[in-house]
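S.K.: Structure provided below as structure tokens; questions to follow.
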Amino acid sequence: MGYVVRSTRDTGTITYHCPSTGSALDKFNEFQRAEYREITVTGCDERQVSRAQLVELLDSERAQTDMTQACHA
């Protein structure tokens, strides 16, 4: 699953294509720290995703990975 993270700043719009939930969340946080405006995240289905949804998705992905690793241990 991929995401597009966009924001505006004084010099224009900045867009990143992120291959994973974790990288999209990292980029979102980076934009917030840089005080960029109008940060949006769009999923592969063209729907906007909130920061809270990214956190939930990442937690779910990590839990699934943990379960898979436990089953193969």
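Chain lettering (A, B, ...) mirrors the order of the structure tokens, residue numbering begins at 1 for each chain separately, and ligand numbering begins at 1 in order of display.
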Name the residues of chain A that fall into helix (DSSP H, G or I) according to DSSP on the backbone, using the chain letters and numbers of this document, as a PyMOL selection string.

M.R.: chain A and resi 21-33+51-71

S.K.: If we count only C-alpha atoms and set the cut-off at 12 Å, which residues sit around stretch 47-60 of chain A, ignoring sequence neighbours fewer than 6 positions away in its own chain? Please answer as a ChimeraX atom specification.

M.R.: /A:1-6,20-29,31-32,38-41,66-67

S.K.: Output N, CA and C atoms for every residue in the selection just made, as a PDB file, in the first residue's frame.

M.R.:
```pdb
ATOM      1  N   MET A   1       0.852  -1.176   0.000  1.00  0.00           N
ATOM      2  CA  MET A   1       0.000   0.000   0.000  1.00  0.00           C
ATOM      3  C   MET A   1       0.892   1.231   0.000  1.00  0.00           C
ATOM      4  N   GLY A   2       0.547   2.225  -0.764  1.00  0.00           N
ATOM      5  CA  GLY A   2       1.316   3.447  -0.816  1.00  0.00           C
ATOM      6  C   GLY A   2       0.474   4.652  -0.434  1.00  0.00           C
ATOM      7  N   TYR A   3       1.151   5.725  -0.102  1.00  0.00           N
ATOM      8  CA  TYR A   3       0.494   6.964   0.303  1.00  0.00           C
ATOM      9  C   TYR A   3       1.151   8.148  -0.385  1.00  0.00           C
ATOM     10  N   VAL A   4       0.371   9.205  -0.543  1.00  0.00           N
ATOM     11  CA  VAL A   4       0.900  10.473  -1.027  1.00  0.00           C
ATOM     12  C   VAL A   4       0.700  11.474   0.106  1.00  0.00           C
ATOM     13  N   VAL A   5       1.796  12.107   0.534  1.00  0.00           N
ATOM     14  CA  VAL A   5       1.740  13.102   1.598  1.00  0.00           C
ATOM     15  C   VAL A   5       2.051  14.455   0.958  1.00  0.00           C
ATOM     16  N   ARG A   6       1.109  15.403   1.129  1.00  0.00           N
ATOM     17  CA  ARG A   6       1.260  16.732   0.523  1.00  0.00           C
ATOM     18  C   ARG A   6       1.120  17.806   1.589  1.00  0.00           C
ATOM     19  N   SER A  20       5.024   3.008   2.387  1.00  0.00           N
ATOM     20  CA  SER A  20       4.477   2.267   3.525  1.00  0.00           C
ATOM     21  C   SER A  20       3.771   3.207   4.500  1.00  0.00           C
ATOM     22  N   THR A  21       2.990   2.620   5.383  1.00  0.00           N
ATOM     23  CA  THR A  21       2.296   3.382   6.413  1.00  0.00           C
ATOM     24  C   THR A  21       3.294   4.086   7.313  1.00  0.00           C
ATOM     25  N   GLY A  22       4.352   3.372   7.694  1.00  0.00           N
ATOM     26  CA  GLY A  22       5.363   3.959   8.572  1.00  0.00           C
ATOM     27  C   GLY A  22       6.057   5.157   7.950  1.00  0.00           C
ATOM     28  N   SER A  23       6.388   5.056   6.672  1.00  0.00           N
ATOM     29  CA  SER A  23       7.061   6.179   6.018  1.00  0.00           C
ATOM     30  C   SER A  23       6.109   7.361   5.843  1.00  0.00           C
ATOM     31  N   ALA A  24       4.826   7.100   5.617  1.00  0.00           N
ATOM     32  CA  ALA A  24       3.844   8.185   5.511  1.00  0.00           C
ATOM     33  C   ALA A  24       3.678   8.898   6.854  1.00  0.00           C
ATOM     34  N   LEU A  25       3.643   8.133   7.925  1.00  0.00           N
ATOM     35  CA  LEU A  25       3.538   8.732   9.260  1.00  0.00           C
ATOM     36  C   LEU A  25       4.785   9.539   9.585  1.00  0.00           C
ATOM     37  N   ASP A  26       5.950   9.009   9.258  1.00  0.00           N
ATOM     38  CA  ASP A  26       7.204   9.746   9.475  1.00  0.00           C
ATOM     39  C   ASP A  26       7.199  11.066   8.717  1.00  0.00           C
ATOM     40  N   LYS A  27       6.763  11.041   7.461  1.00  0.00           N
ATOM     41  CA  LYS A  27       6.733  12.257   6.643  1.00  0.00           C
ATOM     42  C   LYS A  27       5.707  13.242   7.196  1.00  0.00           C
ATOM     43  N   PHE A  28       4.559  12.751   7.618  1.00  0.00           N
ATOM     44  CA  PHE A  28       3.541  13.614   8.221  1.00  0.00           C
ATOM     45  C   PHE A  28       4.129  14.324   9.440  1.00  0.00           C
ATOM     46  N   ASN A  29       4.787  13.564  10.306  1.00  0.00           N
ATOM     47  CA  ASN A  29       5.391  14.143  11.515  1.00  0.00           C
ATOM     48  C   ASN A  29       6.479  15.154  11.160  1.00  0.00           C
ATOM     49  N   PHE A  31       6.619  16.991   8.461  1.00  0.00           N
ATOM     50  CA  PHE A  31       5.936  18.197   7.977  1.00  0.00           C
ATOM     51  C   PHE A  31       5.393  19.018   9.147  1.00  0.00           C
ATOM     52  N   GLN A  32       4.840  18.326  10.160  1.00  0.00           N
ATOM     53  CA  GLN A  32       4.324  19.043  11.329  1.00  0.00           C
ATOM     54  C   GLN A  32       5.447  19.769  12.059  1.00  0.00           C
ATOM     55  N   GLU A  38      -1.548  22.757   5.860  1.00  0.00           N
ATOM     56  CA  GLU A  38      -2.462  21.937   5.066  1.00  0.00           C
ATOM     57  C   GLU A  38      -1.864  20.581   4.679  1.00  0.00           C
ATOM     58  N   ILE A  39      -1.455  19.836   5.664  1.00  0.00           N
ATOM     59  CA  ILE A  39      -0.875  18.511   5.420  1.00  0.00           C
ATOM     60  C   ILE A  39      -2.007  17.538   5.121  1.00  0.00           C
ATOM     61  N   THR A  40      -1.890  16.836   4.002  1.00  0.00           N
ATOM     62  CA  THR A  40      -2.874  15.803   3.663  1.00  0.00           C
ATOM     63  C   THR A  40      -2.144  14.515   3.307  1.00  0.00           C
ATOM     64  N   VAL A  41      -2.783  13.419   3.652  1.00  0.00           N
ATOM     65  CA  VAL A  41      -2.281  12.088   3.300  1.00  0.00           C
ATOM     66  C   VAL A  41      -3.398  11.396   2.541  1.00  0.00           C
ATOM     67  N   ASP A  66       4.000  -9.222  14.409  1.00  0.00           N
ATOM     68  CA  ASP A  66       4.374  -9.901  15.651  1.00  0.00           C
ATOM     69  C   ASP A  66       3.723 -11.276  15.744  1.00  0.00           C
ATOM     70  N   MET A  67       2.444 -11.359  15.367  1.00  0.00           N
ATOM     71  CA  MET A  67       1.736 -12.649  15.412  1.00  0.00           C
ATOM     72  C   MET A  67       2.336 -13.624  14.419  1.00  0.00           C
TER      73      MET A  67
END
```

S.K.: Between atom CA of A:Tyr36 and atom CA of A:Thr8, what distance in Å does the model show, to one decimal?

M.R.: 6.0 Å

S.K.: Please return, as a list of chain:residue names, all residues of chain A that DSSP assigns to strand (DSSP E or B) on the basis of the backbone.

M.R.: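 For chain A, the strand (DSSP E or B) set is A:Tyr3, A:Val4, A:Val5, A:Arg6, A:Ser7, A:Thr8, A:Arg9, A:Gly12, A:Thr13, A:Ile14, A:Thr15, A:Tyr16, A:His17, A:Cys18, A:Arg37, A:Glu38, A:Ile39, A:Thr40, A:Val41, A:Thr42, A:Gly43, A:Gln48.
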
S.K.: May I ask for the distance between atom CA of A:Pro19 and atom CA of A:Glu61, given in Å to one decimal place?

M.R.: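 Here the two named atoms are 13.9 Å from each other.
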
S.K.: Do you have the atom CA of A:Ala34-atom CA of A:Asp10 distance handy?

M.R.: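 Straight-line distance from atom CA of A:Ala34 to atom CA of A:Asp10 works out to 11.8 Å.
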